[in-house]
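Visitor: Could you have a look at this structure, given as structure tokens, before my questions?
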Amino acid sequence: MKKKRVAVTTLGCKVNQYESAVLAGLFQERGYQVVESSDIADVYIINTCTVTHLSDRKSRQLIRRAAGTNPEALIAVTGCYAQTSPGKVLEIPGVDMVVGTGDRGKLVDLVEKALKGQGPVNAVRDYGAGEEFEEVPAFPMQGRARAFLKIQDGCNNSCTYCIVPQARGPLRSRQPAKVIETALGLVAAGFKEIVLTGIHTGSYGQDLSGDVTLAALFDRLSAIPGLQRLRLSSIEPHDITPDLVEILSGSPVFCRHLHVPLQSGDDQVLRRMGRRYTTWEYARLINVLRENIPGLALSTDLIVGFPGETSEQFENTYRFVNKISFSRLHVFKYSPRQGTPAAKFTDQVEPPVKEERSHRLIEIGEKLAARFAASMIGQDLEVLVERPSEEGKDLYEGFTDNYVRTVFPGNEGLCGKIVVIRADQARGSTLEGRVIHLIS
């Protein structure tokens, strides 16, 4: 019998990417052939994002594209946009079923029922009190040198601009024993680097009984034999505790890169955003991190054009960003999300102003990234080789532990291995160099 074909398309964050890999693995276990989203498939799974209005639009485009690729296929829409706007999703021509962000482990069964004309068209459910982390098998993303490991879901914060708590529900942490078990399996499968990820990663353990913290979990994971790199994804400033700094600075496998969202460099704007720190507190934290972890790369998120943001307040952000000297900036133009407090603020900033401010921050971000890369010229750096580079024949690329893209002459046998690269020059935010020797 010919295998049914399924295509899983992903939009959004690393958590979505992780969950799409899980979904692809679940379908494969049930006898489906996983194909590319551009191929003819019997089932299309669209894993959506809703962090901005642009994410909503891209989600709708992906749905329409799938419907156009094979009008006879079943289209199931999941993810954050599906969770917050199931009615709007079902209005899109071609959509057969909407699932949301919960019950991922049941998606194959739901699709099987839908293929037989059974089951609910709208399977989205609200999150209830006492919700627990949903355990599903781990399926590492194909073709990746590093493995993502989701340790928590949901968020209990109340940032006035953010729709994520509505899309993902309350904080739910994975049991430490399950995290360790999965990590051991990833190392046994040959992965040299594990990236801990979640919706609010720094809050890990706050909903579990006993002395369960991110610092304690990181310490246990660092001791796994054979694990050579352990990376944290995004972490909020107020979640970086003295215990965590001590563990990170003393860990032999910690990748020296932290993504610490700032959002604004003006205290008044931060208060209106519902953020839980001042610029002084943020700067002090960065100083502590840099004093304890030499060579640390620090990237951040910034929102421009938040309601009421004045020219002076934006200039405060611009100066603060330059003062902190981040290694990379992720700049977002504020997008009203229905159901959030900030969407009701009357002092919305005009789109052309957002565009101009965004352009200025992106420009300085490129300069800061180039400066950080240039600071490593002449050094010998450990790089996890990921893939052939598109920049030329026999060129390969990977990332240093502090997350600088590095391009160098190599061969296919290096992929998935850690090598020492002598950084000879920088081109923008990319380092260029040569292999000195192979580590593993």
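All residue names refer to the structure tokens as shown: chains lettered A, B, ... in order, residues numbered from 1 in each chain, ligands numbered from 1 in order.
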Can you pull out every residue within 12 Å of A:Pro352, counting only C-alpha atoms, but drop anything in the same chain fewer than 4 positions away, and send it as a PyMOL selection string?

Guide: chain A and resi 304-305+333+348+356-359

Visitor: What parts of stretch 313-370 of chain A does DSSP call alpha helix (DSSP H)? I'd like the answer as a PyMOL selection string.

Guide: chain A and resi 313-324+351-370

Visitor: Write out as a count of residues only each polymer residue whose atoms come within 12 Å of A:His437, counting only C-alpha atoms; drop sequence neighbours fewer than 6 positions from it.

Guide: 12

Visitor: Write out as an mmCIF file with N, CA and C atoms, in the first residue's frame each polymer residue whose atoms come within 8 Å of stretch 215-229 of chain A, counting only C-alpha atoms; drop sequence neighbours fewer than 2 positions from it.

Guide:
data_model
loop_
_atom_site.group_PDB
_atom_site.id
_atom_site.type_symbol
_atom_site.label_atom_id
_atom_site.label_comp_id
_atom_site.auth_asym_id
_atom_site.auth_seq_id
_atom_site.Cartn_x
_atom_site.Cartn_y
_atom_site.Cartn_z
ATOM 1 N N PRO A 176 12.284 17.229 35.643
ATOM 2 C CA PRO A 176 13.731 17.141 35.413
ATOM 3 C C PRO A 176 14.182 15.768 34.915
ATOM 4 N N ILE A 180 16.429 15.066 31.531
ATOM 5 C CA ILE A 180 17.702 14.355 31.554
ATOM 6 C C ILE A 180 17.648 13.127 30.651
ATOM 7 N N ALA A 183 17.849 14.226 27.064
ATOM 8 C CA ALA A 183 19.198 14.713 26.759
ATOM 9 C C ALA A 183 20.175 13.552 26.579
ATOM 10 N N LEU A 184 20.077 12.554 27.430
ATOM 11 C CA LEU A 184 20.941 11.370 27.301
ATOM 12 C C LEU A 184 20.731 10.698 25.947
ATOM 13 N N VAL A 187 22.433 12.801 23.169
ATOM 14 C CA VAL A 187 23.886 12.619 23.161
ATOM 15 C C VAL A 187 24.239 11.251 22.570
ATOM 16 N N PHE A 191 24.471 13.892 18.902
ATOM 17 C CA PHE A 191 24.438 15.357 18.939
ATOM 18 C C PHE A 191 25.458 15.878 19.945
ATOM 19 N N LYS A 192 26.239 16.841 19.503
ATOM 20 C CA LYS A 192 27.270 17.406 20.367
ATOM 21 C C LYS A 192 26.800 18.656 21.095
ATOM 22 N N GLU A 193 25.732 19.267 20.595
ATOM 23 C CA GLU A 193 25.203 20.478 21.220
ATOM 24 C C GLU A 193 23.707 20.343 21.437
ATOM 25 N N ILE A 194 23.247 20.737 22.616
ATOM 26 C CA ILE A 194 21.825 20.762 22.953
ATOM 27 C C ILE A 194 21.451 22.199 23.301
ATOM 28 N N VAL A 212 13.383 22.810 42.325
ATOM 29 C CA VAL A 212 13.600 22.648 40.887
ATOM 30 C C VAL A 212 13.797 24.030 40.275
ATOM 31 N N THR A 213 14.980 24.282 39.737
ATOM 32 C CA THR A 213 15.281 25.567 39.114
ATOM 33 C C THR A 213 16.023 25.331 37.804
ATOM 34 N N ARG A 231 23.456 25.017 25.348
ATOM 35 C CA ARG A 231 23.120 26.408 25.037
ATOM 36 C C ARG A 231 21.743 26.749 25.594
ATOM 37 N N ASP A 243 22.637 32.274 41.372
ATOM 38 C CA ASP A 243 22.913 30.835 41.256
ATOM 39 C C ASP A 243 23.134 30.450 39.797
ATOM 40 N N LEU A 244 22.302 30.986 38.905
ATOM 41 C CA LEU A 244 22.435 30.641 37.491
ATOM 42 C C LEU A 244 23.741 31.183 36.928
ATOM 43 N N ILE A 247 26.505 28.896 38.002
ATOM 44 C CA ILE A 247 26.492 27.614 37.280
ATOM 45 C C ILE A 247 27.007 27.801 35.857
ATOM 46 N N LEU A 248 26.527 28.830 35.167
ATOM 47 C CA LEU A 248 26.942 29.067 33.786
ATOM 48 C C LEU A 248 28.440 29.348 33.703
ATOM 49 N N SER A 251 30.411 26.089 34.199
ATOM 50 C CA SER A 251 30.111 24.927 33.360
ATOM 51 C C SER A 251 31.108 24.815 32.215
ATOM 52 N N PRO A 252 31.712 23.642 32.015
ATOM 53 C CA PRO A 252 32.667 23.471 30.916
ATOM 54 C C PRO A 252 31.995 23.362 29.553
ATOM 55 N N VAL A 253 30.664 23.222 29.527
ATOM 56 C CA VAL A 253 29.972 23.020 28.249
ATOM 57 C C VAL A 253 29.035 24.182 27.894
ATOM 58 N N PHE A 254 28.937 25.189 28.753
ATOM 59 C CA PHE A 254 28.052 26.317 28.472
ATOM 60 C C PHE A 254 28.529 27.098 27.256
ATOM 61 N N CYS A 255 27.639 27.315 26.304
ATOM 62 C CA CYS A 255 27.943 28.142 25.140
ATOM 63 C C CYS A 255 27.801 29.608 25.542
ATOM 64 N N ASP A 401 30.947 29.001 19.886
ATOM 65 C CA ASP A 401 30.075 28.805 21.046
ATOM 66 C C ASP A 401 29.353 30.101 21.399
#

Visitor: Which neighbours of stretch 71-73 of chain A fall inside 6 Å, counting only C-alpha atoms, when residues of the same chain fewer than 2 positions from it are skipped, and could you give them as an mmCIF file with N, CA, C and O atoms, in the first residue's frame?

Guide:
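Once written, result.cif looks like this:
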data_model
loop_
_atom_site.group_PDB
_atom_site.id
_atom_site.type_symbol
_atom_site.label_atom_id
_atom_site.label_comp_id
_atom_site.auth_asym_id
_atom_site.auth_seq_id
_atom_site.Cartn_x
_atom_site.Cartn_y
_atom_site.Cartn_z
ATOM 1 N N ASP A 42 -0.738 14.386 0.904
ATOM 2 C CA ASP A 42 -2.126 14.066 1.262
ATOM 3 C C ASP A 42 -2.590 14.908 2.439
ATOM 4 O O ASP A 42 -3.785 15.187 2.585
ATOM 5 N N VAL A 43 -1.620 15.294 3.285
ATOM 6 C CA VAL A 43 -1.924 16.083 4.485
ATOM 7 C C VAL A 43 -0.892 17.197 4.608
ATOM 8 O O VAL A 43 0.311 16.941 4.475
ATOM 9 N N ALA A 67 -3.037 24.880 0.091
ATOM 10 C CA ALA A 67 -4.290 24.580 -0.598
ATOM 11 C C ALA A 67 -4.116 24.628 -2.107
ATOM 12 O O ALA A 67 -4.733 23.846 -2.855
ATOM 13 N N GLY A 68 -3.252 25.528 -2.584
ATOM 14 C CA GLY A 68 -3.006 25.619 -4.018
ATOM 15 C C GLY A 68 -2.127 24.502 -4.539
ATOM 16 O O GLY A 68 -2.254 24.096 -5.703
#

Visitor: When distances are computed from only C-alpha atoms, which of A:Gln152, A:Gln166, A:Thr430, A:Gln33 shows the smallest separation from A:Lys178?

Guide: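 Of the candidates, the smallest distance to A:Lys178 is held by A:Gln152.
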
Visitor: So that I can check the secondary structure, give me every residue of stretch 284-315 of chain A assigned strand (DSSP E or B) by backbone DSSP, as a list in words.

Guide: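 Checking each residue of stretch 284-315 of chain A, the strand (DSSP E or B) ones are Ala297, Leu298, Ser299, Thr300, Asp301, Leu302, Ile303 and Val304 of chain A.
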
Visitor: Please tabulate, as a tab-separated table, the residues of stretch 90-193 of chain A that come within 10 Å of stretch 21-27 of chain A, each with its closest pair of atoms and the distance in Å to one decimal, counting only C-alpha atoms and ordering rows by chain, then residue number upward.

Guide:
residue	atom	partner	partner_atom	distance
A:Arg104	CA	A:Leu23	CA	7.3
A:Gly105	CA	A:Leu26	CA	7.8
A:Lys106	CA	A:Leu26	CA	9.5
A:Leu107	CA	A:Leu23	CA	7.9
A:Val108	CA	A:Phe27	CA	6.3
A:Asp109	CA	A:Phe27	CA	9.6
A:Val111	CA	A:Phe27	CA	9.9
A:Val136	CA	A:Val22	CA	7.5
A:Pro137	CA	A:Val22	CA	6.9
A:Ala138	CA	A:Val22	CA	6.0
A:Phe139	CA	A:Val22	CA	5.1
A:Pro140	CA	A:Ala21	CA	6.4
A:Met141	CA	A:Ala21	CA	5.2
A:Gln142	CA	A:Ala21	CA	7.8
A:Phe148	CA	A:Ala21	CA	9.8

Visitor: I'd like the neighbourhood of A:Cys80 as number ranges by chain, where a residue qualifies if any of its atoms comes within 10 Å (using only C-alpha atoms), though same-chain residues fewer than 3 positions away should be ignored.

Guide: A: 11-12, 16, 47-51, 55-56, 59, 77, 83-86, 99-102, 163-168

Visitor: Print the selection's residues with N, CA and C atoms to a file, as a PDB file, in the first residue's frame.

Guide:
ATOM      1  N   LEU A  11       6.284  28.237  10.924  1.00  0.00           N
ATOM      2  CA  LEU A  11       6.546  29.674  10.990  1.00  0.00           C
ATOM      3  C   LEU A  11       6.793  30.021  12.454  1.00  0.00           C
ATOM      4  N   GLY A  12       7.800  30.868  12.702  1.00  0.00           N
ATOM      5  CA  GLY A  12       7.964  31.341  14.077  1.00  0.00           C
ATOM      6  C   GLY A  12       9.216  30.871  14.772  1.00  0.00           C
ATOM      7  N   ASN A  16       8.416  26.480  18.033  1.00  0.00           N
ATOM      8  CA  ASN A  16       7.611  25.992  16.920  1.00  0.00           C
ATOM      9  C   ASN A  16       8.403  25.027  16.051  1.00  0.00           C
ATOM     10  N   ASN A  47       2.068  24.940  10.961  1.00  0.00           N
ATOM     11  CA  ASN A  47       2.343  25.335  12.344  1.00  0.00           C
ATOM     12  C   ASN A  47       2.565  26.842  12.369  1.00  0.00           C
ATOM     13  N   THR A  48       1.607  27.579  12.901  1.00  0.00           N
ATOM     14  CA  THR A  48       1.557  29.029  12.721  1.00  0.00           C
ATOM     15  C   THR A  48       2.142  29.825  13.893  1.00  0.00           C
ATOM     16  N   CYS A  49       2.310  31.131  13.646  1.00  0.00           N
ATOM     17  CA  CYS A  49       2.807  32.086  14.641  1.00  0.00           C
ATOM     18  C   CYS A  49       1.863  33.283  14.654  1.00  0.00           C
ATOM     19  N   THR A  50       1.786  33.981  15.790  1.00  0.00           N
ATOM     20  CA  THR A  50       0.910  35.154  15.870  1.00  0.00           C
ATOM     21  C   THR A  50       1.543  36.294  16.662  1.00  0.00           C
ATOM     22  N   VAL A  51       2.883  36.313  16.736  1.00  0.00           N
ATOM     23  CA  VAL A  51       3.536  37.315  17.577  1.00  0.00           C
ATOM     24  C   VAL A  51       3.341  38.735  17.035  1.00  0.00           C
ATOM     25  N   SER A  55       3.134  38.084  11.217  1.00  0.00           N
ATOM     26  CA  SER A  55       3.121  36.631  11.426  1.00  0.00           C
ATOM     27  C   SER A  55       1.760  36.050  11.045  1.00  0.00           C
ATOM     28  N   ASP A  56       0.678  36.740  11.421  1.00  0.00           N
ATOM     29  CA  ASP A  56      -0.667  36.297  11.035  1.00  0.00           C
ATOM     30  C   ASP A  56      -0.782  36.208   9.518  1.00  0.00           C
ATOM     31  N   SER A  59       1.154  33.376   8.085  1.00  0.00           N
ATOM     32  CA  SER A  59       0.471  32.114   8.385  1.00  0.00           C
ATOM     33  C   SER A  59      -0.632  31.859   7.363  1.00  0.00           C
ATOM     34  N   VAL A  77      -4.398  23.096  10.626  1.00  0.00           N
ATOM     35  CA  VAL A  77      -3.646  24.268  11.070  1.00  0.00           C
ATOM     36  C   VAL A  77      -3.483  24.207  12.586  1.00  0.00           C
ATOM     37  N   GLN A  83      -4.488  28.908  17.761  1.00  0.00           N
ATOM     38  CA  GLN A  83      -4.994  28.915  19.129  1.00  0.00           C
ATOM     39  C   GLN A  83      -5.793  30.181  19.422  1.00  0.00           C
ATOM     40  N   THR A  84      -5.280  31.332  18.977  1.00  0.00           N
ATOM     41  CA  THR A  84      -5.917  32.603  19.328  1.00  0.00           C
ATOM     42  C   THR A  84      -7.038  33.013  18.377  1.00  0.00           C
ATOM     43  N   SER A  85      -6.998  32.496  17.147  1.00  0.00           N
ATOM     44  CA  SER A  85      -7.991  32.933  16.138  1.00  0.00           C
ATOM     45  C   SER A  85      -8.532  31.759  15.329  1.00  0.00           C
ATOM     46  N   PRO A  86      -9.083  30.734  15.994  1.00  0.00           N
ATOM     47  CA  PRO A  86      -9.551  29.562  15.227  1.00  0.00           C
ATOM     48  C   PRO A  86     -10.651  29.896  14.229  1.00  0.00           C
ATOM     49  N   VAL A  99      -6.282  23.091  15.244  1.00  0.00           N
ATOM     50  CA  VAL A  99      -5.974  22.365  16.480  1.00  0.00           C
ATOM     51  C   VAL A  99      -5.474  23.275  17.595  1.00  0.00           C
ATOM     52  N   GLY A 100      -4.620  24.242  17.334  1.00  0.00           N
ATOM     53  CA  GLY A 100      -4.105  25.100  18.398  1.00  0.00           C
ATOM     54  C   GLY A 100      -2.747  24.652  18.879  1.00  0.00           C
ATOM     55  N   THR A 101      -2.400  24.996  20.131  1.00  0.00           N
ATOM     56  CA  THR A 101      -1.068  24.694  20.661  1.00  0.00           C
ATOM     57  C   THR A 101      -1.064  23.545  21.665  1.00  0.00           C
ATOM     58  N   GLY A 102      -2.213  23.019  22.007  1.00  0.00           N
ATOM     59  CA  GLY A 102      -2.294  21.895  22.931  1.00  0.00           C
ATOM     60  C   GLY A 102      -2.556  20.595  22.203  1.00  0.00           C
ATOM     61  N   ILE A 163       0.753  38.602  23.158  1.00  0.00           N
ATOM     62  CA  ILE A 163      -0.367  37.679  23.014  1.00  0.00           C
ATOM     63  C   ILE A 163       0.030  36.251  23.409  1.00  0.00           C
ATOM     64  N   VAL A 164       1.335  36.029  23.657  1.00  0.00           N
ATOM     65  CA  VAL A 164       1.835  34.668  23.870  1.00  0.00           C
ATOM     66  C   VAL A 164       1.162  33.946  25.039  1.00  0.00           C
ATOM     67  N   PRO A 165       0.924  34.585  26.212  1.00  0.00           N
ATOM     68  CA  PRO A 165       0.243  33.853  27.287  1.00  0.00           C
ATOM     69  C   PRO A 165      -1.132  33.335  26.872  1.00  0.00           C
ATOM     70  N   GLN A 166      -1.825  34.065  26.004  1.00  0.00           N
ATOM     71  CA  GLN A 166      -3.128  33.583  25.518  1.00  0.00           C
ATOM     72  C   GLN A 166      -2.951  32.444  24.515  1.00  0.00           C
ATOM     73  N   ALA A 167      -1.868  32.511  23.755  1.00  0.00           N
ATOM     74  CA  ALA A 167      -1.622  31.485  22.744  1.00  0.00           C
ATOM     75  C   ALA A 167      -1.051  30.209  23.331  1.00  0.00           C
ATOM     76  N   ARG A 168      -0.322  30.329  24.444  1.00  0.00           N
ATOM     77  CA  ARG A 168       0.404  29.185  24.974  1.00  0.00           C
ATOM     78  C   ARG A 168      -0.061  28.728  26.349  1.00  0.00           C
TER      79      ARG A 168
END

Visitor: Using only C-alpha atoms, pick whichever of A:Pro336, A:Leu395, A:Gly428, A:Thr346 has the shortest atom-to-atom distance to A:Ala373.

Guide: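 Looking only at the distances to A:Ala373, the closest residue turns out to be A:Gly428.
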
Visitor: As an MDAnalysis selection string, please: the residues near A:Arg290 (cut-off 12 Å, only C-alpha atoms, same-chain neighbours under 3 positions excluded).

Guide: chainID A and resid 245 248:249 256:258 283:287 293:298 324:326

Visitor: Next, the residues of the selection above should be written as a PDB file, in the first residue's frame with C-alpha atoms.

Guide:
ATOM      1  CA  VAL A 245      25.362  32.985  36.798  1.00  0.00           C
ATOM      2  CA  LEU A 248      26.942  29.067  33.786  1.00  0.00           C
ATOM      3  CA  SER A 249      30.358  30.546  34.538  1.00  0.00           C
ATOM      4  CA  ARG A 256      28.891  31.747  25.872  1.00  0.00           C
ATOM      5  CA  HIS A 257      25.822  33.363  24.373  1.00  0.00           C
ATOM      6  CA  LEU A 258      22.689  34.661  26.078  1.00  0.00           C
ATOM      7  CA  ALA A 283      22.858  47.374  32.680  1.00  0.00           C
ATOM      8  CA  ARG A 284      24.000  46.165  36.108  1.00  0.00           C
ATOM      9  CA  LEU A 285      22.992  42.588  35.191  1.00  0.00           C
ATOM     10  CA  ILE A 286      24.956  42.754  31.933  1.00  0.00           C
ATOM     11  CA  ASN A 287      28.027  43.968  33.826  1.00  0.00           C
ATOM     12  CA  ILE A 293      31.799  35.033  31.700  1.00  0.00           C
ATOM     13  CA  PRO A 294      34.599  36.447  29.497  1.00  0.00           C
ATOM     14  CA  GLY A 295      33.809  36.515  25.777  1.00  0.00           C
ATOM     15  CA  LEU A 296      30.058  36.350  26.391  1.00  0.00           C
ATOM     16  CA  ALA A 297      27.886  37.313  23.431  1.00  0.00           C
ATOM     17  CA  LEU A 298      24.676  39.148  24.289  1.00  0.00           C
ATOM     18  CA  ILE A 324      25.500  47.970  26.138  1.00  0.00           C
ATOM     19  CA  SER A 325      27.134  46.998  22.822  1.00  0.00           C
ATOM     20  CA  PHE A 326      25.088  43.899  22.045  1.00  0.00           C
TER      21      PHE A 326
END

Visitor: Nearest to A:Leu384 among A:Cys13, A:Ala145, A:Leu289, A:Val331, with distances taken over only C-alpha atoms: which residue is it?

Guide: A:Ala145

Visitor: As an exercise, work out the distance from atom CA of A:Ala189 to atom CA of A:Gln17 in Å and give it to one decimal place.

Guide: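 One can read the atom CA of A:Ala189 to atom CA of A:Gln17 distance as 19.3 Å.
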
Visitor: Measuring atom to atom with only C-alpha atoms, identify which of A:Phe332, A:Ser375, A:Cys159, A:Pro261 is nearest to A:Met273.

Guide: A:Cys159

Visitor: For a quick check of understanding, using only C-alpha atoms, which of A:Glu432, A:Glu350, A:Glu363, A:Glu386 has the smallest distance to A:Cys415?

Guide: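 Ranked by minimum distance to A:Cys415, first place goes to A:Glu386.
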
Visitor: Between atom CA of A:Lys150 and atom CA of A:Arg387, what is the distance in Å, rounded to a tenth?

Guide: 23.5 Å
